[in-house]
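J.: Okay, handing you the structure first.
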Amino acid sequence: MIDTSQNIPVLNIRDLNISYGSNTILRDVTLNVRPNEIFGIIGPANSGKTSFLKAINRMDEFTDGMRTEGLIEFYGYDTSKWRNLYSLRKQMGVVFPLPVGLPLSVYENVAFAPRISGVRNKSELDDIVENCLTRAALWDEVKDRLNSLGSLLSGGQQQRLTIARALSQKPKLLMLDEFSIAVDPVTTMRIEDVLRDLKKELSIILVTNLVQQAERLADRTALFLNGELVEIGQTNELFDGRTKDQRTTDYLEGRFG
Amino acid sequence: MFLATELNLQNYKVQGRWRLLFLVMTVLLILPVLVILTLLVVRGGGAISWEFLSEFPRNGMTEGGIFPAFLGTIFLVSLALVFSVPLGIAAAIYLSEYAADNWLTRAINLAIINLAGVPSIVHALFGVGAFVLFFKFGTSILAASLTLAIMALPVVIVATRESLQSVPQAFREACWSLGATRWQTIRRIVLPNAISGILTGIILEVSRTAGETAPIMFTGAAFFLPFLPESVYDQTMALSLHLFVVSTQVPNVPENLPYGVALLLIGIVLTMNALSIGFRVYLRNKKKW
């Protein structure tokens, strides 16, 4: 259904507003995400980053009181007119701040999305599980314990498990929300390597609290501040001090508040 | 430097007094239970025999067994379960997983909690009006079970809703973000992890309905029947009503007979509770987060 051959933006977002009741979380965001790039979003807590991700995969359906206005196009299709939201979400993997291992085995965690899409064939499922765990750099550590519970893995392993699970639905866009909050530095580096590899096959939105993580990984970076998109720029230019807004420089240099 | 100050000592003393108070309260709470159980076993234990369990009452209910009442209680409770469990679980799933958090949902939740507080005699009168008279079931097992089911519904709904809500919201969000529908999420993740709480609620409901007297005495339970019911449109005897009858309505009953009936009734309730605890422990060991 989606044509990825043409060079159209993965996401084209125009004048996006997100509000809960009378409380506006995000105002007038206009940006696009290009194929095969890592798009970094930085900013302090409560600046609307997580709500932004929720708006993209239409989780407003499950969030009481959340309202979005404006245009979000995914490969040129207006997501507000998308009738089958489940198929929309299957094309967008999400990784949450704290690893959410579903109360299932390692194998079933990764096989969950294929199963609910109707894959029954055991060998096909085996292939998907091995493939996704390998791409998430977890296969070697868990291949002998695929049937033990996902929640028994260490925090860093669980977070890679959720990445493998997000990949299992063959997404075209991977959204990571502060994935390294509960992960040790060494595992964080491994996951960052994984993301650099994944960039070759899909686009990534990386929401992060760590300015340096955005500097290491993101091709372009956006700063969200108090519900406002302050600036988008090439990451290396922003970190070289070539910013258009003084607030960006202050934030990147840790001179805030 | 690390010596206790005057204030520390004072705090220890106060904390010791509170601890004693709570301990005394706990003992006071356990005492009546122990006394009741001991009394029942001592006075009624002698009445329990195979004959007592398997025979009809004889001689104006002063001799013989309680078989039809025992069987009747099982009929009433099982049929009440058949009505209340599917309905209650379905309603709880809707309230917990589908309904938006608005004033209507909150009003319904409030109504359910209030329904649980309605005195059982009021349920009984409702049962007479609705099932016996309006639906023309007559005084029958069907009418009595439906009355019990209505009375037990709030218990099932509240227990189910609470165990559903004890499943972390993060699991649901993770499922939804994988493209699962609400139903797929419920069936594959939420229900399997809530089932122990739901079953506990159901078993508690069983023990509660087994002991109820008021809701059944006007709707389908009989004082005495010399035969067993043949269909759900017949009346039946029941243990709880039988206990009331042999304790207060019939002259010259040997002392150990009502104690025996009470012991049997409590035995059923405690067995169900023990089952529920055992089951919960078993399922908790399989719990996955």
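Chain labels run A, B, ... following the order of the structure tokens; each chain numbers its residues from 1, and ligands are numbered from 1 in the order shown.
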What are the closest atom pairs, with distances in Å to one decimal, for each residue of chain A lying within 10 Å of chain B, using only C-alpha atoms, rows by chain and rising residue number, as a Markdown table?

T.:
| residue | atom | partner | partner_atom | distance |
| --- | --- | --- | --- | --- |
| A:Lys54 | CA | B:Ser177 | CA | 9.3 |
| A:Asn57 | CA | B:Ser177 | CA | 7.5 |
| A:Arg58 | CA | B:Ser177 | CA | 9.2 |
| A:Met59 | CA | B:Ser177 | CA | 7.6 |
| A:Glu61 | CA | B:Trp176 | CA | 9.9 |
| A:Phe62 | CA | B:Glu173 | CA | 8.4 |
| A:Thr63 | CA | B:Ala100 | CA | 9.2 |
| A:Asp64 | CA | B:Ala100 | CA | 6.8 |
| A:Gly65 | CA | B:Asp101 | CA | 9.2 |
| A:Asn84 | CA | B:Gly179 | CA | 9.8 |
| A:Leu85 | CA | B:Gly179 | CA | 7.7 |
| A:Tyr86 | CA | B:Gly179 | CA | 4.4 |
| A:Ser87 | CA | B:Gly179 | CA | 6.3 |
| A:Leu88 | CA | B:Gly179 | CA | 7.5 |
| A:Arg89 | CA | B:Gly179 | CA | 4.9 |
| A:Lys90 | CA | B:Gly179 | CA | 4.9 |
| A:Gln91 | CA | B:Gly179 | CA | 8.5 |
| A:Met92 | CA | B:Ser177 | CA | 7.8 |
| A:Gly93 | CA | B:Leu178 | CA | 6.9 |
| A:Val94 | CA | B:Ser177 | CA | 6.4 |
| A:Val95 | CA | B:Ala174 | CA | 8.4 |
| A:Phe96 | CA | B:Ala174 | CA | 8.1 |
| A:Leu98 | CA | B:Ala170 | CA | 9.3 |
| A:Pro99 | CA | B:Ala170 | CA | 9.4 |
| A:Val100 | CA | B:Ala170 | CA | 6.7 |
| A:Gly101 | CA | B:Phe171 | CA | 7.9 |
| A:Leu102 | CA | B:Phe171 | CA | 6.0 |
| A:Pro103 | CA | B:Lys288 | CA | 5.0 |
| A:Leu104 | CA | B:Lys288 | CA | 7.2 |
| A:Ser105 | CA | B:Lys288 | CA | 9.1 |
| A:Phe112 | CA | B:Leu178 | CA | 8.3 |
| A:Ala113 | CA | B:Leu178 | CA | 5.9 |
| A:Pro114 | CA | B:Leu178 | CA | 9.4 |
| A:Ile116 | CA | B:Ala180 | CA | 6.7 |
| A:Ser117 | CA | B:Ala180 | CA | 8.4 |
| A:Leu149 | CA | B:Lys288 | CA | 7.1 |
| A:Gly150 | CA | B:Lys288 | CA | 8.7 |
| A:Ser151 | CA | B:Trp289 | CA | 6.2 |
| A:Leu152 | CA | B:Trp289 | CA | 8.4 |
| A:Thr162 | CA | B:Ala174 | CA | 9.1 |
| A:Arg165 | CA | B:Leu178 | CA | 8.3 |
| A:Ala166 | CA | B:Leu178 | CA | 7.0 |
| A:Leu167 | CA | B:Leu178 | CA | 9.7 |
| A:Ser168 | CA | B:Leu178 | CA | 9.0 |
| A:Gln169 | CA | B:Leu178 | CA | 7.3 |
| A:Pro171 | CA | B:Leu178 | CA | 9.8 |

J.: Considering only C-alpha atoms, return as a ChimeraX atom specification whatever protein or nucleic-acid residues lie within 12 Å of Asp197 (chain A), sequence-local ones (same chain, fewer than 4 positions apart) excluded.

T.: /A:36-38,134-137,190-193,201-204,217

J.: Would you return as number ranges by chain the members of region 161-233 of chain A that DSSP assigns to alpha helix (DSSP H) on this structure's backbone?

T.: A: 161-167, 185-198, 211-217

J.: Could you write those residues out with N, CA and C atoms, as a tab-separated table (two decimals), in the first residue's frame?

T.:
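Once everything was written out, this is selection-v2.tsv:
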chain	number	residue	atom	x	y	z
A	161	LEU	N	14.98	-6.33	23.76
A	161	LEU	CA	13.84	-7.19	23.41
A	161	LEU	C	12.69	-6.33	22.87
A	162	THR	N	12.45	-5.18	23.49
A	162	THR	CA	11.35	-4.35	22.99
A	162	THR	C	11.70	-3.77	21.61
A	163	ILE	N	12.99	-3.55	21.35
A	163	ILE	CA	13.37	-3.10	20.00
A	163	ILE	C	13.11	-4.23	19.00
A	164	ALA	N	13.50	-5.46	19.38
A	164	ALA	CA	13.24	-6.60	18.50
A	164	ALA	C	11.74	-6.74	18.26
A	165	ARG	N	10.95	-6.53	19.31
A	165	ARG	CA	9.50	-6.64	19.18
A	165	ARG	C	8.96	-5.57	18.25
A	166	ALA	N	9.52	-4.35	18.38
A	166	ALA	CA	9.07	-3.27	17.51
A	166	ALA	C	9.43	-3.57	16.06
A	167	LEU	N	10.56	-4.27	15.84
A	167	LEU	CA	10.98	-4.59	14.47
A	167	LEU	C	10.14	-5.71	13.87
A	185	PRO	N	25.35	2.23	30.59
A	185	PRO	CA	26.04	2.93	29.49
A	185	PRO	C	26.56	1.99	28.41
A	186	VAL	N	27.06	0.81	28.81
A	186	VAL	CA	27.63	-0.09	27.80
A	186	VAL	C	26.52	-0.59	26.86
A	187	THR	N	25.39	-1.01	27.47
A	187	THR	CA	24.28	-1.46	26.64
A	187	THR	C	23.75	-0.32	25.79
A	188	THR	N	23.74	0.90	26.35
A	188	THR	CA	23.29	2.05	25.57
A	188	THR	C	24.13	2.18	24.31
A	189	MET	N	25.45	2.01	24.44
A	189	MET	CA	26.31	2.10	23.26
A	189	MET	C	25.98	1.00	22.25
A	190	ARG	N	25.72	-0.21	22.76
A	190	ARG	CA	25.36	-1.31	21.84
A	190	ARG	C	24.08	-0.96	21.09
A	191	ILE	N	23.09	-0.43	21.84
A	191	ILE	CA	21.82	-0.10	21.18
A	191	ILE	C	22.03	1.02	20.16
A	192	GLU	N	22.91	1.97	20.51
A	192	GLU	CA	23.17	3.04	19.55
A	192	GLU	C	23.77	2.49	18.27
A	193	ASP	N	24.67	1.49	18.40
A	193	ASP	CA	25.21	0.84	17.19
A	193	ASP	C	24.09	0.18	16.39
A	194	VAL	N	23.18	-0.49	17.13
A	194	VAL	CA	22.04	-1.13	16.46
A	194	VAL	C	21.26	-0.10	15.66
A	195	LEU	N	21.03	1.08	16.26
A	195	LEU	CA	20.23	2.10	15.59
A	195	LEU	C	20.94	2.60	14.32
A	196	ARG	N	22.27	2.73	14.41
A	196	ARG	CA	23.00	3.18	13.21
A	196	ARG	C	22.83	2.18	12.07
A	197	ASP	N	22.81	0.88	12.42
A	197	ASP	CA	22.59	-0.14	11.39
A	197	ASP	C	21.16	-0.08	10.85
A	198	LEU	N	20.22	0.08	11.76
A	198	LEU	CA	18.80	0.06	11.36
A	198	LEU	C	18.48	1.23	10.43
A	211	VAL	N	21.62	15.16	25.60
A	211	VAL	CA	22.03	15.97	24.47
A	211	VAL	C	23.14	15.27	23.67
A	212	GLN	N	24.06	14.62	24.41
A	212	GLN	CA	25.18	13.96	23.72
A	212	GLN	C	24.69	12.80	22.86
A	213	GLN	N	23.60	12.14	23.30
A	213	GLN	CA	23.09	11.02	22.51
A	213	GLN	C	22.57	11.52	21.17
A	214	ALA	N	21.89	12.66	21.20
A	214	ALA	CA	21.43	13.25	19.95
A	214	ALA	C	22.63	13.61	19.09
A	215	GLU	N	23.66	14.16	19.71
A	215	GLU	CA	24.85	14.56	18.95
A	215	GLU	C	25.50	13.35	18.29
A	216	ARG	N	25.54	12.22	19.04
A	216	ARG	CA	26.18	11.02	18.49
A	216	ARG	C	25.38	10.42	17.35
A	217	LEU	N	24.04	10.45	17.47
A	217	LEU	CA	23.23	9.62	16.58
A	217	LEU	C	22.46	10.39	15.51

J.: Asn285 (chain B): which residues within 12 Å, counting only C-alpha atoms, same-chain residues fewer than 6 positions away excluded, as a VMD selection string?

T.: chain B and resid 193 196 278 to 279

J.: Give the strand (DSSP E) residues of region 33-247 of chain A, as DSSP finds them on the backbone, and put them as a VMD selection string.

T.: chain A and resid 33 38 to 42 66 to 74 77 to 78 92 to 95 173 to 177 203 to 208 220 to 225 228 to 234

J.: Near region 113-115 of chain B, counting only C-alpha atoms, which residues have an atom at most 8 Å away, once you skip same-chain residues fewer than 4 positions from it, shown as a VMD selection string?

T.: chain B and resid 109 151 154 158

J.: Can you tell me, as a list in words, what residues are no more than 8 Å from Gly72 (chain B) when counting only C-alpha atoms, ignoring any on the same chain fewer than 4 positions away?

T.: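 Surrounding residues, per the criterion: Pro68, Leu76, Thr236, Met237, Ala238 and Leu239 of chain B.
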
J.: Skip Trp139 (chain A) itself and residues of its chain fewer than 6 positions away, then list as JSON, numbers by chain all residues within 9 Å of it, counting only C-alpha atoms.

T.: {"A": [129, 130, 131, 132, 133]}

J.: Output N, CA and C atoms for every residue in that selection, as an mmCIF file, in the first residue's frame.

T.:
data_model
loop_
_atom_site.group_PDB
_atom_site.id
_atom_site.type_symbol
_atom_site.label_atom_id
_atom_site.label_comp_id
_atom_site.auth_asym_id
_atom_site.auth_seq_id
_atom_site.Cartn_x
_atom_site.Cartn_y
_atom_site.Cartn_z
ATOM 1 N N VAL A 129 11.475 -14.260 14.542
ATOM 2 C CA VAL A 129 12.033 -14.072 15.880
ATOM 3 C C VAL A 129 13.552 -14.001 15.820
ATOM 4 N N GLU A 130 14.167 -14.951 15.083
ATOM 5 C CA GLU A 130 15.632 -14.946 15.020
ATOM 6 C C GLU A 130 16.135 -13.681 14.327
ATOM 7 N N ASN A 131 15.491 -13.326 13.238
ATOM 8 C CA ASN A 131 15.893 -12.146 12.484
ATOM 9 C C ASN A 131 15.816 -10.873 13.331
ATOM 10 N N CYS A 132 14.700 -10.697 14.019
ATOM 11 C CA CYS A 132 14.518 -9.459 14.784
ATOM 12 C C CYS A 132 15.448 -9.406 15.992
ATOM 13 N N LEU A 133 15.608 -10.554 16.682
ATOM 14 C CA LEU A 133 16.515 -10.564 17.827
ATOM 15 C C LEU A 133 17.946 -10.323 17.384
#

J.: Choose the residue, out of A:Val106, A:Ile56, A:Val10, A:Ala111, that has the smallest atom-to-atom separation from Glu141 (chain A); count only C-alpha atoms.

T.: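 Counting only C-alpha atoms, the residue closest to Glu141 (chain A) is A:Val106.
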
J.: How far is it from CA of Gln235 (chain B) to CA of Ile141 (chain B), in Å with one decimal?

T.: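 Going from CA of Gln235 (chain B) over to CA of Ile141 (chain B), I get 5.6 Å.
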
J.: Within 9 Å of region 33-49 of chain B, counting only C-alpha atoms, which residues show up once you throw out same-chain ones fewer than 6 positions away? Write them as a compact mmCIF listing (two decimals) with N, CA and C atoms, in the first residue's frame, please.

T.:
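Dumped to selection-v2.txt:
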# COMPACT_ATOMS: atom_id res chain seq x y z
N GLY B 65 -31.83 -36.85 57.90
CA GLY B 65 -30.72 -36.06 57.36
C GLY B 65 -31.16 -34.77 56.73
N GLU B 255 -30.72 -31.01 70.15
CA GLU B 255 -29.86 -29.83 70.15
C GLU B 255 -28.78 -29.88 69.07
N ASN B 256 -28.25 -31.09 68.81
CA ASN B 256 -27.10 -31.12 67.91
C ASN B 256 -27.49 -31.01 66.44
N LEU B 257 -28.79 -31.09 66.11
CA LEU B 257 -29.18 -31.02 64.70
C LEU B 257 -28.91 -29.65 64.07
N PRO B 258 -29.44 -28.55 64.67
CA PRO B 258 -29.13 -27.25 64.06
C PRO B 258 -27.63 -26.95 64.04
N TYR B 259 -26.91 -27.38 65.09
CA TYR B 259 -25.46 -27.16 65.08
C TYR B 259 -24.81 -27.91 63.93
N GLY B 260 -25.32 -29.11 63.68
CA GLY B 260 -24.78 -29.90 62.57
C GLY B 260 -24.99 -29.21 61.24
N VAL B 261 -26.23 -28.67 61.05
CA VAL B 261 -26.52 -27.97 59.80
C VAL B 261 -25.60 -26.76 59.64
N ALA B 262 -25.46 -26.00 60.74
CA ALA B 262 -24.61 -24.81 60.69
C ALA B 262 -23.17 -25.19 60.38
N LEU B 263 -22.71 -26.29 61.00
CA LEU B 263 -21.33 -26.74 60.75
C LEU B 263 -21.15 -27.08 59.28
N LEU B 264 -22.14 -27.76 58.70
CA LEU B 264 -22.06 -28.14 57.28
C LEU B 264 -22.00 -26.90 56.40
N ILE B 266 -21.07 -23.82 57.21
CA ILE B 266 -19.77 -23.14 57.36
C ILE B 266 -18.68 -23.94 56.69
